[in-house]
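J.: I am attaching a structure below and will ask some questions about it afterwards.
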Amino acid sequence: MRTLEEVKATLQIAKLKEEDLHPTIQCLSFGENVSSADYCLMELDDTLCKHIEAGQSLVIRGDKDERAVLCSGDKTYDLKIADTSNMLLFAPECRTPEQLGGSGDSPPQVVHAQVWGFCNSYWELRKQRPKLKKLKKLLMENPYEGPTLRGQEEKTENRCTMQDLLERIQASEEEIKSHLEIIHACQIDGYWRVLDFDYEMKLLGHVTQLVDSESWSFNKVPLQTSLDELAPLEPRQMIEHCLNCYGKRYTENDEVFYALNETKVCRGLALLLLQNAIKFNLKEFQEVWQQSVPEGMSTRLDQLKGVALVDRTSHPETISLLRVEDLPEDTQERFSHLFTLREKWTEEDITPYIQDLCGEKQSTGALLTKYARSSMQNGMKVFNSRRPVAT
């Protein structure tokens, strides 16, 4: 290890003035058996640094056939290896000038810090959309179809706890929980289950029929009375879950009520009509759809954004099922798939199917423009995002 005299001699050779330097001189030395494979370095932004300093953890997630992502408690980041021409040293005992303190009047001193590892690359993080399509796919391997009949055994394979989902889904815990709510999943006996769609519609039918028979307002459905009335038909947990999916909970005079959401109820019944039809005559569909919803609710095509596609170029006009959740998660694959379904799109029609691809500060128009440039580079026709668009 170097002495103070040796350091001063080196400064003279380098023609550096001692007074221009910090009084505390740090000498680095390599420990025994130091290897570039011992450590990986990661570049963190201020948010993630504070996350770590607060004692929180970061988790790398992904199956063997997937590209790894890094997750905090509520965000997902893409991991990319960045090479650097400068060697990066991992020296935990080394201190910054701010940490060392002292002033120019302090006597010079030498401190020694050991290098624990080194490398010529580091992990670069970039915030990305969580990969949640796999979540519903996993849960649909064993959907909940209602309580088993006497003498029947419930399927126990392919059921997932939250820990199972955290190990297999490339998303943060908050993002997973949020998506579980979106796909109407619920926890049954400690396992997360998604309801079979026909069973979900059966539950919704029980609720709306009760509201109609009791002449309740759709904005004031009493929870306890609903549970008592429908308990002979379905489990109380499922009735309350249905109300949570299709309504908003509130309390009035210490009693819990639900305000049913017209858009959610109408959309659910539309999906029931469309699920077994390739294409539906639009005029006939609208008539049947309105007849199927509870009295007092009104159906509108804008309630179906992101779940159904209207074709006004055909004669007669048609409507078909097209759910955004069934489309590819990758941006380029999503656009390619959409343009195999339809040669030309208006911005109004395509927006519900690409909105989830936009970044926090990116508009759908900007995304369309970016895709147009990419299409030009690949020798494809370009479109104007403000008019009917086409590849």
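Letters A, B, ... go to the chains of the structure tokens in the order shown; residues in each chain start at 1; ligands are counted from 1 in the same order.
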Residues within 9 Å of stretch 220-225 of chain A, please, as a PyMOL selection string. Count only C-alpha atoms; anything in the same chain fewer than 4 positions from it doesn't count.
T.: chain A and resi 211+216+229-230+240+243+249+255-260
J.: Please identify the strand (DSSP E or B) residues within stretch 163-285 of chain A (assignment by DSSP from backbone atoms) and present them as a PyMOL selection string.
T.: chain A and resi 170+185-188+191-195+221-222+247-252+255-260+280-281
J.: Would you please work out which residue, of A:Glu124, A:Asp164, A:Glu200, A:Asp78, is nearest to A:His241 when using only C-alpha atoms?
T.: A:Glu200
J.: Would you please work out which residue, of A:Pro23, A:Pro108, A:Gly117, A:Gly31, is nearest to A:Leu88 when using only C-alpha atoms?
T.: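 Checking each candidate against A:Leu88, we get A:Gly117 as the closest.
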J.: Atom CA of A:Gln114 to atom CA of A:Asp20: how many Å, to one decimal?
T.: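 Distance between the two atoms: 24.7 Å.
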J.: Please measure the separation of atom CA of A:Gln109 and atom CA of A:Asn33, giving the value in Å to one decimal.
T.: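 So the two atoms, atom CA of A:Gln109 and atom CA of A:Asn33, lie 28.2 Å apart.
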J.: Looking only at helix (DSSP H, G or I) from DSSP on the backbone, list the matching residues of stretch 51-226 of chain A as a PyMOL selection string.
T.: chain A and resi 51-53+97-100+133-139+162-168+173-182+197-214+223-226
J.: Residues as selected, C-alpha atoms, written as an mmCIF file, in the first residue's frame, can you do that?
T.:
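As written to disk, selection_17.cif reads:
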data_model
loop_
_atom_site.group_PDB
_atom_site.id
_atom_site.type_symbol
_atom_site.label_atom_id
_atom_site.label_comp_id
_atom_site.auth_asym_id
_atom_site.auth_seq_id
_atom_site.Cartn_x
_atom_site.Cartn_y
_atom_site.Cartn_z
ATOM 1 C CA HIS A 51 -36.769 3.141 -3.206
ATOM 2 C CA ILE A 52 -33.644 1.172 -2.248
ATOM 3 C CA GLU A 53 -32.563 3.642 0.438
ATOM 4 C CA PRO A 97 -15.604 14.484 -1.491
ATOM 5 C CA GLU A 98 -18.897 15.346 0.210
ATOM 6 C CA GLN A 99 -18.709 12.194 2.338
ATOM 7 C CA LEU A 100 -15.070 12.826 3.247
ATOM 8 C CA LYS A 133 -51.456 -10.801 -21.104
ATOM 9 C CA LYS A 134 -50.011 -13.959 -19.587
ATOM 10 C CA LEU A 135 -51.913 -13.280 -16.355
ATOM 11 C CA LYS A 136 -55.375 -13.992 -17.732
ATOM 12 C CA LYS A 137 -54.016 -16.863 -19.811
ATOM 13 C CA LEU A 138 -52.737 -18.546 -16.636
ATOM 14 C CA LEU A 139 -55.984 -18.011 -14.745
ATOM 15 C CA MET A 162 -50.390 -14.222 -5.440
ATOM 16 C CA GLN A 163 -46.883 -15.578 -4.894
ATOM 17 C CA ASP A 164 -47.294 -17.846 -7.937
ATOM 18 C CA LEU A 165 -48.309 -14.845 -10.033
ATOM 19 C CA LEU A 166 -45.411 -12.736 -8.768
ATOM 20 C CA GLU A 167 -42.987 -15.478 -9.795
ATOM 21 C CA ARG A 168 -44.430 -15.901 -13.302
ATOM 22 C CA GLU A 173 -47.244 -6.370 -7.524
ATOM 23 C CA GLU A 174 -49.353 -3.205 -7.821
ATOM 24 C CA GLU A 175 -49.674 -3.633 -11.593
ATOM 25 C CA ILE A 176 -50.710 -7.277 -11.142
ATOM 26 C CA LYS A 177 -53.315 -6.370 -8.525
ATOM 27 C CA SER A 178 -54.693 -3.612 -10.742
ATOM 28 C CA HIS A 179 -55.007 -5.981 -13.701
ATOM 29 C CA LEU A 180 -56.654 -8.665 -11.576
ATOM 30 C CA GLU A 181 -59.365 -6.109 -10.856
ATOM 31 C CA ILE A 182 -59.692 -5.236 -14.561
ATOM 32 C CA PHE A 197 -67.735 -15.713 -18.566
ATOM 33 C CA ASP A 198 -71.087 -17.533 -18.699
ATOM 34 C CA TYR A 199 -71.060 -17.862 -14.905
ATOM 35 C CA GLU A 200 -70.202 -14.167 -14.540
ATOM 36 C CA MET A 201 -73.142 -13.264 -16.758
ATOM 37 C CA LYS A 202 -75.356 -15.577 -14.715
ATOM 38 C CA LEU A 203 -74.397 -13.655 -11.568
ATOM 39 C CA LEU A 204 -75.057 -10.334 -13.299
ATOM 40 C CA GLY A 205 -78.445 -11.635 -14.445
ATOM 41 C CA HIS A 206 -79.395 -12.518 -10.856
ATOM 42 C CA VAL A 207 -78.458 -9.023 -9.685
ATOM 43 C CA THR A 208 -80.279 -7.117 -12.438
ATOM 44 C CA GLN A 209 -83.392 -9.294 -12.113
ATOM 45 C CA LEU A 210 -83.458 -8.645 -8.359
ATOM 46 C CA VAL A 211 -83.133 -4.904 -8.937
ATOM 47 C CA ASP A 212 -86.025 -5.068 -11.395
ATOM 48 C CA SER A 213 -88.270 -7.209 -9.169
ATOM 49 C CA GLU A 214 -87.667 -4.981 -6.127
ATOM 50 C CA LEU A 223 -75.717 -4.986 -0.410
ATOM 51 C CA GLN A 224 -77.112 -6.842 2.599
ATOM 52 C CA THR A 225 -80.597 -7.285 1.113
ATOM 53 C CA SER A 226 -79.067 -8.470 -2.168
#
J.: For stretch 78-194 of chain A against stretch 351-356 of chain A, with a cut-off of 12 Å and counting only C-alpha atoms, what is the closest atom pair and its distance in Å to one decimal for every residue that makes the cut, ordered by chain and number, as CSV?
T.:
residue,atom,partner,partner_atom,distance
A:Gln128,CA,A:Asp356,CA,11.5
A:Arg129,CA,A:Asp356,CA,8.5
A:Pro130,CA,A:Asp356,CA,10.6
A:Lys131,CA,A:Asp356,CA,11.6
A:Leu132,CA,A:Asp356,CA,11.7
J.: Those selected residues, please, written with N, CA, C and O atoms and delivered as a compact mmCIF listing (two decimals), in the first residue's frame.
T.:
# COMPACT_ATOMS: atom_id res chain seq x y z
N GLN A 128 -41.05 0.38 -18.72
CA GLN A 128 -41.83 -0.22 -19.81
C GLN A 128 -43.19 -0.66 -19.30
O GLN A 128 -43.45 -0.72 -18.10
N ARG A 129 -44.07 -0.97 -20.24
CA ARG A 129 -45.39 -1.48 -19.88
C ARG A 129 -45.25 -2.87 -19.26
O ARG A 129 -44.44 -3.67 -19.72
N PRO A 130 -46.03 -3.16 -18.24
CA PRO A 130 -45.99 -4.51 -17.68
C PRO A 130 -46.54 -5.52 -18.69
O PRO A 130 -47.40 -5.20 -19.50
N LYS A 131 -46.04 -6.74 -18.64
CA LYS A 131 -46.49 -7.79 -19.56
C LYS A 131 -47.55 -8.62 -18.84
O LYS A 131 -47.25 -9.57 -18.11
N LEU A 132 -48.82 -8.23 -19.08
CA LEU A 132 -49.91 -8.78 -18.29
C LEU A 132 -50.81 -9.75 -19.04
O LEU A 132 -51.71 -10.35 -18.45
J.: Work out how far apart atom CA of A:Asn219 and atom CA of A:Asn261 are and give it in Å to one decimal.
T.: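 Separation of atom CA of A:Asn219 and atom CA of A:Asn261: 8.2 Å.
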